[in-house]
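Asks: Data file protein21.tsv (TSV, C-alpha atoms) is appended below.
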```tsv
chain	number	residue	atom	x	y	z
A	1	MET	CA	-95.42	-95.99	141.09
A	2	THR	CA	-96.02	-92.70	139.27
A	3	SER	CA	-94.04	-92.42	136.05
A	4	CYS	CA	-91.72	-89.46	135.50
A	5	ALA	CA	-92.49	-86.58	133.12
A	6	PHE	CA	-89.89	-87.75	130.61
A	7	ALA	CA	-91.38	-91.25	130.48
A	8	ARG	CA	-94.91	-89.92	129.98
A	9	ILE	CA	-93.85	-87.57	127.18
A	10	LEU	CA	-91.87	-90.27	125.39
A	11	ALA	CA	-94.65	-92.84	125.86
A	12	SER	CA	-97.20	-90.43	124.39
A	13	SER	CA	-94.83	-89.66	121.52
A	14	ILE	CA	-94.61	-93.34	120.58
A	15	ASN	CA	-98.37	-93.65	120.16
A	16	LEU	CA	-98.64	-90.30	118.40
A	17	ALA	CA	-95.93	-91.35	115.93
A	18	LYS	CA	-97.88	-94.52	115.17
A	19	LYS	CA	-101.08	-92.52	114.66
A	20	ALA	CA	-99.20	-90.13	112.37
A	21	GLY	CA	-98.06	-93.17	110.39
A	22	GLN	CA	-101.68	-94.18	109.95
A	23	ILE	CA	-102.44	-90.68	108.66
A	24	ALA	CA	-99.61	-91.03	106.13
A	25	ARG	CA	-101.02	-94.33	104.89
A	26	ASP	CA	-104.59	-92.99	104.72
A	27	VAL	CA	-103.61	-89.85	102.79
A	28	ARG	CA	-101.51	-91.89	100.39
A	29	LEU	CA	-104.41	-94.29	99.83
A	30	SER	CA	-106.80	-91.39	99.16
A	31	GLY	CA	-104.66	-90.30	96.19
A	32	ASP	CA	-104.97	-86.60	97.15
A	33	LEU	CA	-101.62	-85.57	98.60
A	34	SER	CA	-102.28	-81.80	98.21
A	35	ILE	CA	-98.58	-81.12	97.56
A	36	VAL	CA	-97.02	-77.73	98.30
A	37	ASP	CA	-93.56	-77.05	96.84
A	38	LYS	CA	-91.46	-75.19	99.43
A	39	GLY	CA	-88.49	-74.98	97.02
A	40	LYS	CA	-85.15	-76.79	96.61
A	41	GLN	CA	-86.85	-80.21	96.35
A	42	ASP	CA	-88.57	-79.58	99.69
A	43	PHE	CA	-92.24	-80.58	99.65
A	44	GLN	CA	-95.17	-80.53	102.04
A	45	THR	CA	-98.26	-82.72	101.77
A	46	GLU	CA	-101.58	-83.12	103.53
A	47	ALA	CA	-99.97	-85.90	105.55
A	48	ASP	CA	-97.24	-83.52	106.80
A	49	ARG	CA	-99.84	-80.99	107.89
A	50	LYS	CA	-102.26	-83.42	109.54
A	51	SER	CA	-99.52	-85.34	111.31
A	52	GLN	CA	-97.83	-82.26	112.75
A	53	ALA	CA	-101.18	-80.87	113.92
A	54	LEU	CA	-101.88	-84.18	115.67
A	55	ILE	CA	-98.47	-84.58	117.29
A	56	ILE	CA	-97.83	-81.03	118.47
A	57	GLY	CA	-101.47	-80.26	119.26
A	58	SER	CA	-101.78	-83.38	121.41
A	59	LEU	CA	-98.44	-82.90	123.18
A	60	ASN	CA	-99.29	-79.23	123.88
A	61	HIS	CA	-102.61	-80.31	125.38
A	62	LEU	CA	-101.13	-83.07	127.52
A	63	TYR	CA	-97.92	-81.28	128.54
A	64	PRO	CA	-98.51	-77.51	128.48
A	65	LYS	CA	-95.01	-76.67	129.74
A	66	LEU	CA	-93.30	-78.76	127.02
A	67	LEU	CA	-91.81	-76.73	124.14
A	68	CYS	CA	-92.59	-78.42	120.79
A	69	ILE	CA	-90.93	-77.35	117.55
A	70	GLY	CA	-92.06	-78.80	114.21
A	71	GLU	CA	-90.68	-78.62	110.69
A	72	GLU	CA	-93.85	-77.24	109.14
A	73	GLU	CA	-94.56	-73.58	109.88
A	74	SER	CA	-97.82	-71.64	110.24
A	75	LEU	CA	-100.04	-74.61	111.02
A	76	ASN	CA	-103.05	-74.82	113.30
A	77	GLU	CA	-101.73	-76.99	116.11
A	78	GLU	CA	-104.74	-76.91	118.43
A	79	TYR	CA	-105.86	-80.41	117.43
A	80	PHE	CA	-105.91	-83.02	120.21
A	81	GLU	CA	-106.47	-86.76	120.17
A	82	ASP	CA	-106.07	-89.03	123.17
A	83	VAL	CA	-103.97	-91.92	121.81
A	84	GLY	CA	-102.75	-93.11	125.20
A	85	GLN	CA	-99.21	-94.07	126.19
A	86	ASP	CA	-96.98	-96.98	125.30
A	87	PRO	CA	-97.00	-99.19	128.45
A	88	ASP	CA	-93.46	-100.54	128.10
A	89	CYS	CA	-92.06	-97.04	127.74
A	90	VAL	CA	-94.03	-95.37	130.52
A	91	ASN	CA	-93.18	-98.16	133.00
A	92	ALA	CA	-89.46	-98.40	132.19
A	93	SER	CA	-86.80	-97.47	134.76
A	94	TYR	CA	-85.02	-94.33	133.55
A	95	PRO	CA	-81.66	-93.00	134.73
A	96	SER	CA	-81.89	-90.26	137.34
A	97	ASN	CA	-80.81	-87.48	134.96
A	98	LEU	CA	-83.97	-88.17	132.93
A	99	SER	CA	-86.40	-89.22	135.68
A	100	SER	CA	-85.76	-85.96	137.56
A	101	LEU	CA	-86.65	-83.71	134.60
A	102	ASN	CA	-89.63	-81.36	134.57
A	103	GLU	CA	-91.72	-80.75	131.43
A	104	SER	CA	-90.25	-77.28	131.05
A	105	GLU	CA	-86.70	-78.65	130.80
A	106	ILE	CA	-87.46	-80.76	127.72
A	107	ILE	CA	-87.73	-79.67	124.08
A	108	CYS	CA	-89.57	-81.82	121.56
A	109	TRP	CA	-88.48	-81.77	117.88
A	110	VAL	CA	-91.00	-83.05	115.34
A	111	ASP	CA	-90.60	-84.03	111.70
A	112	PRO	CA	-94.12	-85.26	110.93
A	113	LEU	CA	-93.11	-86.88	107.62
A	114	ASP	CA	-89.38	-87.28	107.03
A	115	GLY	CA	-88.75	-88.18	103.39
A	116	THR	CA	-91.62	-86.21	101.87
A	117	LYS	CA	-90.04	-86.41	98.40
A	118	GLU	CA	-89.99	-90.20	98.67
A	119	TYR	CA	-93.61	-90.07	99.88
A	120	THR	CA	-94.65	-88.11	96.81
A	121	ASP	CA	-92.55	-90.26	94.45
A	122	GLY	CA	-94.16	-93.45	95.74
A	123	GLY	CA	-93.15	-96.88	94.49
A	124	GLU	CA	-90.12	-98.42	96.19
A	125	TRP	CA	-89.28	-95.07	97.79
A	126	ILE	CA	-92.34	-95.13	100.05
A	127	GLU	CA	-90.49	-97.37	102.53
A	128	HIS	CA	-87.98	-94.55	103.12
A	129	VAL	CA	-90.59	-92.41	104.91
A	130	THR	CA	-90.45	-92.01	108.70
A	131	VAL	CA	-92.12	-90.01	111.46
A	132	LEU	CA	-89.55	-88.46	113.83
A	133	ILE	CA	-90.16	-87.19	117.38
A	134	GLY	CA	-87.02	-86.31	119.33
A	135	LEU	CA	-86.49	-85.06	122.89
A	136	SER	CA	-83.58	-82.86	123.91
A	137	VAL	CA	-82.33	-81.32	127.16
A	138	ASN	CA	-79.83	-78.46	127.36
A	139	GLY	CA	-79.01	-78.77	123.67
A	140	SER	CA	-78.38	-82.53	123.68
A	141	ALA	CA	-80.60	-85.28	122.27
A	142	VAL	CA	-81.71	-87.67	125.03
A	143	GLY	CA	-84.43	-89.81	123.47
A	144	GLY	CA	-86.97	-90.20	120.74
A	145	VAL	CA	-89.14	-92.18	118.39
A	146	VAL	CA	-88.63	-93.26	114.77
A	147	HIS	CA	-91.75	-94.74	113.19
A	148	GLN	CA	-91.54	-96.25	109.71
A	149	PRO	CA	-95.15	-96.40	108.50
A	150	PHE	CA	-94.48	-98.26	105.23
A	151	TYR	CA	-91.95	-100.77	106.57
A	152	ASN	CA	-91.77	-103.85	104.33
A	153	TYR	CA	-94.50	-102.35	102.13
A	154	SER	CA	-93.21	-104.07	98.98
A	155	GLN	CA	-94.04	-107.46	100.55
A	156	ASN	CA	-97.04	-106.43	102.64
A	157	LYS	CA	-99.35	-103.65	101.40
A	158	SER	CA	-101.36	-103.80	104.65
A	159	THR	CA	-98.33	-103.12	106.85
A	160	THR	CA	-98.81	-100.99	109.97
A	161	GLY	CA	-95.10	-100.18	110.05
A	162	ARG	CA	-92.55	-100.53	112.82
A	163	THR	CA	-91.52	-98.27	115.68
A	164	ILE	CA	-88.06	-97.80	117.17
A	165	TRP	CA	-87.81	-95.84	120.40
A	166	GLY	CA	-85.33	-95.29	123.20
A	167	ALA	CA	-83.51	-92.99	125.56
A	168	VAL	CA	-79.88	-92.36	126.45
A	169	GLY	CA	-78.96	-94.58	129.39
A	170	LEU	CA	-81.97	-96.84	128.82
A	171	GLY	CA	-81.35	-98.31	125.36
A	172	ALA	CA	-83.15	-98.65	122.03
A	173	PHE	CA	-86.17	-100.88	121.45
A	174	GLY	CA	-88.04	-102.23	118.44
A	175	LEU	CA	-85.11	-103.58	116.42
A	176	ASP	CA	-85.16	-107.21	115.28
A	177	ARG	CA	-81.41	-107.76	115.71
A	178	ASP	CA	-78.53	-106.28	117.71
A	179	PRO	CA	-76.83	-103.57	115.57
A	180	VAL	CA	-73.47	-104.23	117.25
A	181	GLU	CA	-73.50	-107.89	116.21
A	182	LEU	CA	-74.61	-106.97	112.68
A	183	HIS	CA	-71.70	-104.58	112.27
A	184	LYS	CA	-69.19	-107.04	113.71
A	185	ALA	CA	-70.18	-109.35	110.85
A	186	ARG	CA	-69.27	-106.57	108.39
A	187	ILE	CA	-65.65	-106.24	109.57
A	188	GLY	CA	-63.18	-106.83	106.76
A	189	LYS	CA	-65.75	-106.28	103.99
A	190	THR	CA	-65.91	-103.38	101.54
A	191	PRO	CA	-67.57	-100.48	103.42
A	192	ILE	CA	-71.08	-99.51	102.43
A	193	TYR	CA	-72.11	-95.92	103.12
A	194	THR	CA	-75.40	-94.10	102.69
A	195	SER	CA	-75.94	-90.45	101.91
A	196	THR	CA	-78.51	-88.06	100.56
A	197	ARG	CA	-80.56	-89.00	97.54
A	198	SER	CA	-81.93	-85.55	96.68
A	199	HIS	CA	-79.53	-83.00	98.24
A	200	SER	CA	-76.12	-84.07	96.99
A	201	SER	CA	-73.24	-81.61	96.50
A	202	PRO	CA	-69.64	-81.56	95.21
A	203	VAL	CA	-68.43	-81.88	98.82
A	204	VAL	CA	-70.42	-85.08	99.33
A	205	ASN	CA	-69.24	-86.57	96.04
A	206	GLU	CA	-65.59	-85.63	96.66
A	207	LEU	CA	-65.66	-87.26	100.09
A	208	PHE	CA	-66.84	-90.56	98.64
A	209	GLU	CA	-64.02	-90.40	96.12
A	210	LEU	CA	-61.59	-90.10	99.04
A	211	LEU	CA	-63.24	-93.04	100.81
A	212	GLN	CA	-62.79	-95.44	97.90
A	213	PRO	CA	-62.96	-98.39	97.76
A	214	CYS	CA	-66.53	-98.33	99.03
A	215	GLU	CA	-70.13	-98.73	97.95
A	216	VAL	CA	-72.61	-95.87	98.24
A	217	LEU	CA	-76.38	-96.27	98.66
A	218	ARG	CA	-78.40	-93.12	97.96
A	219	LEU	CA	-81.36	-93.37	100.31
A	220	GLY	CA	-84.17	-90.98	101.15
A	221	GLY	CA	-84.99	-89.49	104.52
A	222	SER	CA	-82.67	-88.92	107.47
A	223	GLY	CA	-84.63	-91.33	109.66
A	224	HIS	CA	-84.50	-94.09	107.08
A	225	LYS	CA	-80.75	-93.70	106.59
A	226	VAL	CA	-80.14	-94.12	110.31
A	227	LEU	CA	-82.40	-97.19	110.32
A	228	ALA	CA	-80.27	-98.60	107.49
A	229	VAL	CA	-77.23	-98.30	109.79
A	230	LEU	CA	-79.07	-99.96	112.68
A	231	ASP	CA	-80.33	-102.75	110.43
A	232	GLY	CA	-76.79	-103.46	109.20
A	233	THR	CA	-77.65	-102.56	105.58
A	234	VAL	CA	-74.91	-99.91	105.58
A	235	ASP	CA	-71.89	-99.20	107.76
A	236	ALA	CA	-72.35	-95.45	108.16
A	237	TYR	CA	-74.52	-92.48	107.21
A	238	VAL	CA	-72.27	-89.79	105.68
A	239	TYR	CA	-73.45	-86.24	105.02
A	240	PRO	CA	-70.65	-83.63	105.31
A	241	SER	CA	-72.82	-80.63	104.43
A	242	LEU	CA	-75.02	-78.03	106.07
A	243	GLY	CA	-78.77	-78.45	106.03
A	244	LEU	CA	-79.60	-81.17	108.54
A	245	LYS	CA	-82.05	-79.71	111.09
A	246	LYS	CA	-82.64	-80.76	114.68
A	247	TRP	CA	-86.00	-82.31	113.80
A	248	ASP	CA	-84.10	-84.44	111.24
A	249	SER	CA	-81.63	-85.86	113.75
A	250	CYS	CA	-82.82	-85.63	117.36
A	251	ALA	CA	-85.14	-88.66	117.33
A	252	GLN	CA	-82.44	-91.08	116.16
A	253	LYS	CA	-80.04	-90.40	119.06
A	254	GLN	CA	-81.61	-92.87	121.45
A	255	SER	CA	-78.85	-94.73	123.25
```
When written as structure tokens, how does the structure in this file appear?
Replies:
Amino acid sequence: MTSCAFARILASSINLAKKAGQIARDVRLSGDLSIVDKGKQDFQTEADRKSQALIIGSLNHLYPKLLCIGEEESLNEEYFEDVGQDPDCVNASYPSNLSSLNESEIICWVDPLDGTKEYTDGGEWIEHVTVLIGLSVNGSAVGGVVHQPFYNYSQNKSTTGRTIWGAVGLGAFGLDRDPVELHKARIGKTPIYTSTRSHSSPVVNELFELLQPCEVLRLGGSGHKVLAVLDGTVDAYVYPSLGLKKWDSCAQKQS
């Protein structure tokens, strides 16, 4: 059976996200991050540039009618590498609203290195870094990939990370435990919320005052904060401010 366009794009995105994670680890190991300060604690590194060139260049080559939009501007995105497709994803049975889609109906949103500040800070913050590839249709997120290249790095320096992927109507895959069951176990306990580490504001701080009693974990990276919710580390990700872009949020809306 021939897989649908949506399945092929998502399956390619999974492997590209993993390859981008390898780039992030290699650049970090080299010690030459080649940091560019874009202002307002917004940084770009060699890993951002190489990863976006890989992801968008490869998707453009494989799916010429697919519109890809990345966080980093003015990059050469003609690079292509054949990384194959994730077999579980490409062979899954998708709901008809996704299986009937053409390439031209899908938009791909790419954050090649979410949590760049944490990437440059290093240390314990390195685990907050993710690669985000999200797919949307008619303005709504319908699937995506979140790859955490330094997952469990504090215990295992040779980690190859973990990858969470999914689609609306299909489900999310790659998690060790069921998020619903994890959050049921939290009922009746003091709420734990996560919010921005580097872009706080009076509005954010005032909201947490209103939510007391609660605990607040300041984590880096939009992708990592959503993973903290899915892992049961926190009860909710709270950010009542402008500034979150579609490449920051599309990949996490998977089911």
Asks: Return as AutoDock Vina command-line options the centre and edge lengths, in Å with one decimal, of the box along x, y and z that encloses every atom of region 179-187 of chain A in the file, padded by 6 Å per side.
Replies:
```
--center_x -71.2 --center_y -106.5 --center_z 112.8 --size_x 23.2 --size_y 17.8 --size_z 20.9
```
Asks: What does the distance from CA of Ala17 (chain A) to CA of Val168 (chain A) come to in Å, to one decimal?
Replies: 19.2 Å
Asks: Within 12 Å of region 190-206 of chain A, which residues of region 69-157 of chain A come that close, and what is the closest atom pair and distance in Å for each? Count all atoms listed in the file and give it as JSON lines.
Replies:
```
{"residue": "A:Gly115", "atom": "CA", "partner": "A:Ser198", "partner_atom": "CA", "distance": 9.9}
{"residue": "A:Thr116", "atom": "CA", "partner": "A:Ser198", "partner_atom": "CA", "distance": 11.0}
{"residue": "A:Lys117", "atom": "CA", "partner": "A:Ser198", "partner_atom": "CA", "distance": 8.3}
{"residue": "A:Glu118", "atom": "CA", "partner": "A:Ser198", "partner_atom": "CA", "distance": 9.5}
{"residue": "A:Asp121", "atom": "CA", "partner": "A:Ser198", "partner_atom": "CA", "distance": 11.8}
{"residue": "A:Trp125", "atom": "CA", "partner": "A:Arg197", "partner_atom": "CA", "distance": 10.6}
{"residue": "A:His128", "atom": "CA", "partner": "A:Arg197", "partner_atom": "CA", "distance": 10.8}
```
Asks: Between A:Leu227, A:Val137, A:Cys250, A:Leu10, which is the closest to Ser104 (chain A) once you count all atoms listed in the file?
Replies: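 The answer is A:Val137, which sits nearest to Ser104 (chain A).
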Asks: Given the choices A:Cys108, A:Leu182, A:Val83, A:Leu66, which gets closest to Gly232 (chain A) if the distance is worked out from only C-alpha atoms?
Replies: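 Closest to Gly232 (chain A), using only C-alpha atoms: A:Leu182.
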Asks: Please indicate the distance in Å from CA of Cys89 (chain A) to CA of Ala20 (chain A), rounded to one decimal place.
Replies: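 Atom-to-atom, CA of Cys89 (chain A) to CA of Ala20 (chain A), that is 18.3 Å.
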Asks: Go ahead and compute the interatomic distance for CA of Leu67 (chain A) and CA of Leu230 (chain A), in Å to one decimal.
Replies: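 Spanning CA of Leu67 (chain A) to CA of Leu230 (chain A) is a straight-line distance of 28.9 Å.
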Asks: Of the candidates A:Val234, A:Cys68, A:Ala24, A:Val180, which shows the shortest atom-to-atom distance to Glu105 (chain A), using all atoms listed in the file?
Replies: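 Ranked by minimum distance to Glu105 (chain A), first place goes to A:Cys68.
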Asks: Using only C-alpha atoms, give me every residue within 7 Å of (-69.0, -103.9, 110.1) in file coordinates, as a list of chain:residue names.
Replies: A:Leu182, A:His183, A:Lys184, A:Ala185, A:Arg186, A:Ile187, A:Asp235
Asks: Identify which of the residues A:Asn152, A:Ser34, A:Asn15, A:Thr130 lies closest to Arg49 (chain A), counting only C-alpha atoms when measuring atom-to-atom distances.
Replies: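 Of the candidates, the smallest distance to Arg49 (chain A) is held by A:Ser34.
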Asks: Between A:Val229, A:Ile133, A:Ser140, A:Ile126, which residue has the minimum interatomic distance to Ser154 (chain A), considering all atoms listed in the file?
Replies: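 Checking each of A:Val229, A:Ile133, A:Ser140, A:Ile126 against Ser154 (chain A), counting all atoms listed in the file, the winner is A:Ile126.
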Asks: With all atoms listed in the file as the atoms that count, which of A:Tyr94, A:Tyr153, A:Asp176, A:Leu132 lies nearest to Ser222 (chain A)?
Replies: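 That would be A:Leu132, the residue with the smallest distance to Ser222 (chain A).
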Asks: Taking 4 positions as the minimum chain separation for residues in the same chain, which residues sit within 9 Å of Lys253 (chain A) when counting all atoms listed in the file? Answer as a PyMOL selection string.
Replies: chain A and resi 134+141-144+166-168+249
Asks: For the selection you just gave me, I'd like the residues written to a file as a PDB file, keeping the file's coordinate frame, keeping C-alpha atoms.
Replies:
```pdb
ATOM      1  CA  GLY A 134     -87.020 -86.310 119.330  1.00  0.00           C
ATOM      2  CA  ALA A 141     -80.600 -85.280 122.270  1.00  0.00           C
ATOM      3  CA  VAL A 142     -81.710 -87.670 125.030  1.00  0.00           C
ATOM      4  CA  GLY A 143     -84.430 -89.810 123.470  1.00  0.00           C
ATOM      5  CA  GLY A 144     -86.970 -90.200 120.740  1.00  0.00           C
ATOM      6  CA  GLY A 166     -85.330 -95.290 123.200  1.00  0.00           C
ATOM      7  CA  ALA A 167     -83.510 -92.990 125.560  1.00  0.00           C
ATOM      8  CA  VAL A 168     -79.880 -92.360 126.450  1.00  0.00           C
ATOM      9  CA  SER A 249     -81.630 -85.860 113.750  1.00  0.00           C
TER      10      SER A 249
END
```
Asks: Which polymer residues, protein or nucleic acid, are no farther than 8 Å from (-102.6, -82.6, 121.4), counting all atoms listed in the file, as an MDAnalysis selection string?
Replies: chainID A and resid 53:62 77:82
Asks: Please produce region 117-136 of chain A, completed to N, CA and C atoms, as a CSV table (one decimal), in the frame of the given file.
Replies:
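Below is the file that was written, rebuild24.csv:
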```csv
chain,number,residue,atom,x,y,z
A,117,LYS,N,-90.3,-86.2,99.8
A,117,LYS,CA,-90.0,-86.4,98.4
A,117,LYS,C,-90.3,-87.9,98.1
A,118,GLU,N,-89.8,-88.8,98.9
A,118,GLU,CA,-90.0,-90.2,98.7
A,118,GLU,C,-91.5,-90.5,98.8
A,119,TYR,N,-92.2,-89.9,99.7
A,119,TYR,CA,-93.6,-90.1,99.9
A,119,TYR,C,-94.4,-89.7,98.6
A,120,THR,N,-94.0,-88.6,98.0
A,120,THR,CA,-94.6,-88.1,96.8
A,120,THR,C,-94.2,-88.9,95.6
A,121,ASP,N,-93.0,-89.4,95.6
A,121,ASP,CA,-92.6,-90.3,94.4
A,121,ASP,C,-93.2,-91.6,94.4
A,122,GLY,N,-93.5,-92.2,95.6
A,122,GLY,CA,-94.2,-93.4,95.7
A,122,GLY,C,-93.3,-94.6,95.3
A,123,GLY,N,-93.9,-95.7,94.9
A,123,GLY,CA,-93.2,-96.9,94.5
A,123,GLY,C,-92.3,-97.4,95.6
A,124,GLU,N,-91.1,-97.9,95.2
A,124,GLU,CA,-90.1,-98.4,96.2
A,124,GLU,C,-89.7,-97.4,97.2
A,125,TRP,N,-89.8,-96.1,96.9
A,125,TRP,CA,-89.3,-95.1,97.8
A,125,TRP,C,-90.2,-94.9,99.0
A,126,ILE,N,-91.4,-95.4,99.0
A,126,ILE,CA,-92.3,-95.1,100.0
A,126,ILE,C,-91.8,-95.7,101.4
A,127,GLU,N,-91.0,-96.8,101.3
A,127,GLU,CA,-90.5,-97.4,102.5
A,127,GLU,C,-89.5,-96.5,103.2
A,128,HIS,N,-89.0,-95.4,102.5
A,128,HIS,CA,-88.0,-94.6,103.1
A,128,HIS,C,-88.6,-93.5,104.0
A,129,VAL,N,-89.9,-93.4,104.1
A,129,VAL,CA,-90.6,-92.4,104.9
A,129,VAL,C,-90.6,-92.8,106.4
A,130,THR,N,-90.4,-91.8,107.3
A,130,THR,CA,-90.4,-92.0,108.7
A,130,THR,C,-91.1,-90.8,109.4
A,131,VAL,N,-91.6,-91.1,110.6
A,131,VAL,CA,-92.1,-90.0,111.5
A,131,VAL,C,-91.1,-89.9,112.6
A,132,LEU,N,-90.6,-88.7,112.8
A,132,LEU,CA,-89.6,-88.5,113.8
A,132,LEU,C,-90.0,-87.6,115.0
A,133,ILE,N,-89.9,-88.0,116.2
A,133,ILE,CA,-90.2,-87.2,117.4
A,133,ILE,C,-89.0,-87.3,118.3
A,134,GLY,N,-88.2,-86.3,118.5
A,134,GLY,CA,-87.0,-86.3,119.3
A,134,GLY,C,-87.1,-85.4,120.6
A,135,LEU,N,-86.5,-85.8,121.6
A,135,LEU,CA,-86.5,-85.1,122.9
A,135,LEU,C,-85.1,-84.6,123.2
A,136,SER,N,-84.9,-83.4,123.6
A,136,SER,CA,-83.6,-82.9,123.9
A,136,SER,C,-83.6,-82.1,125.2
```
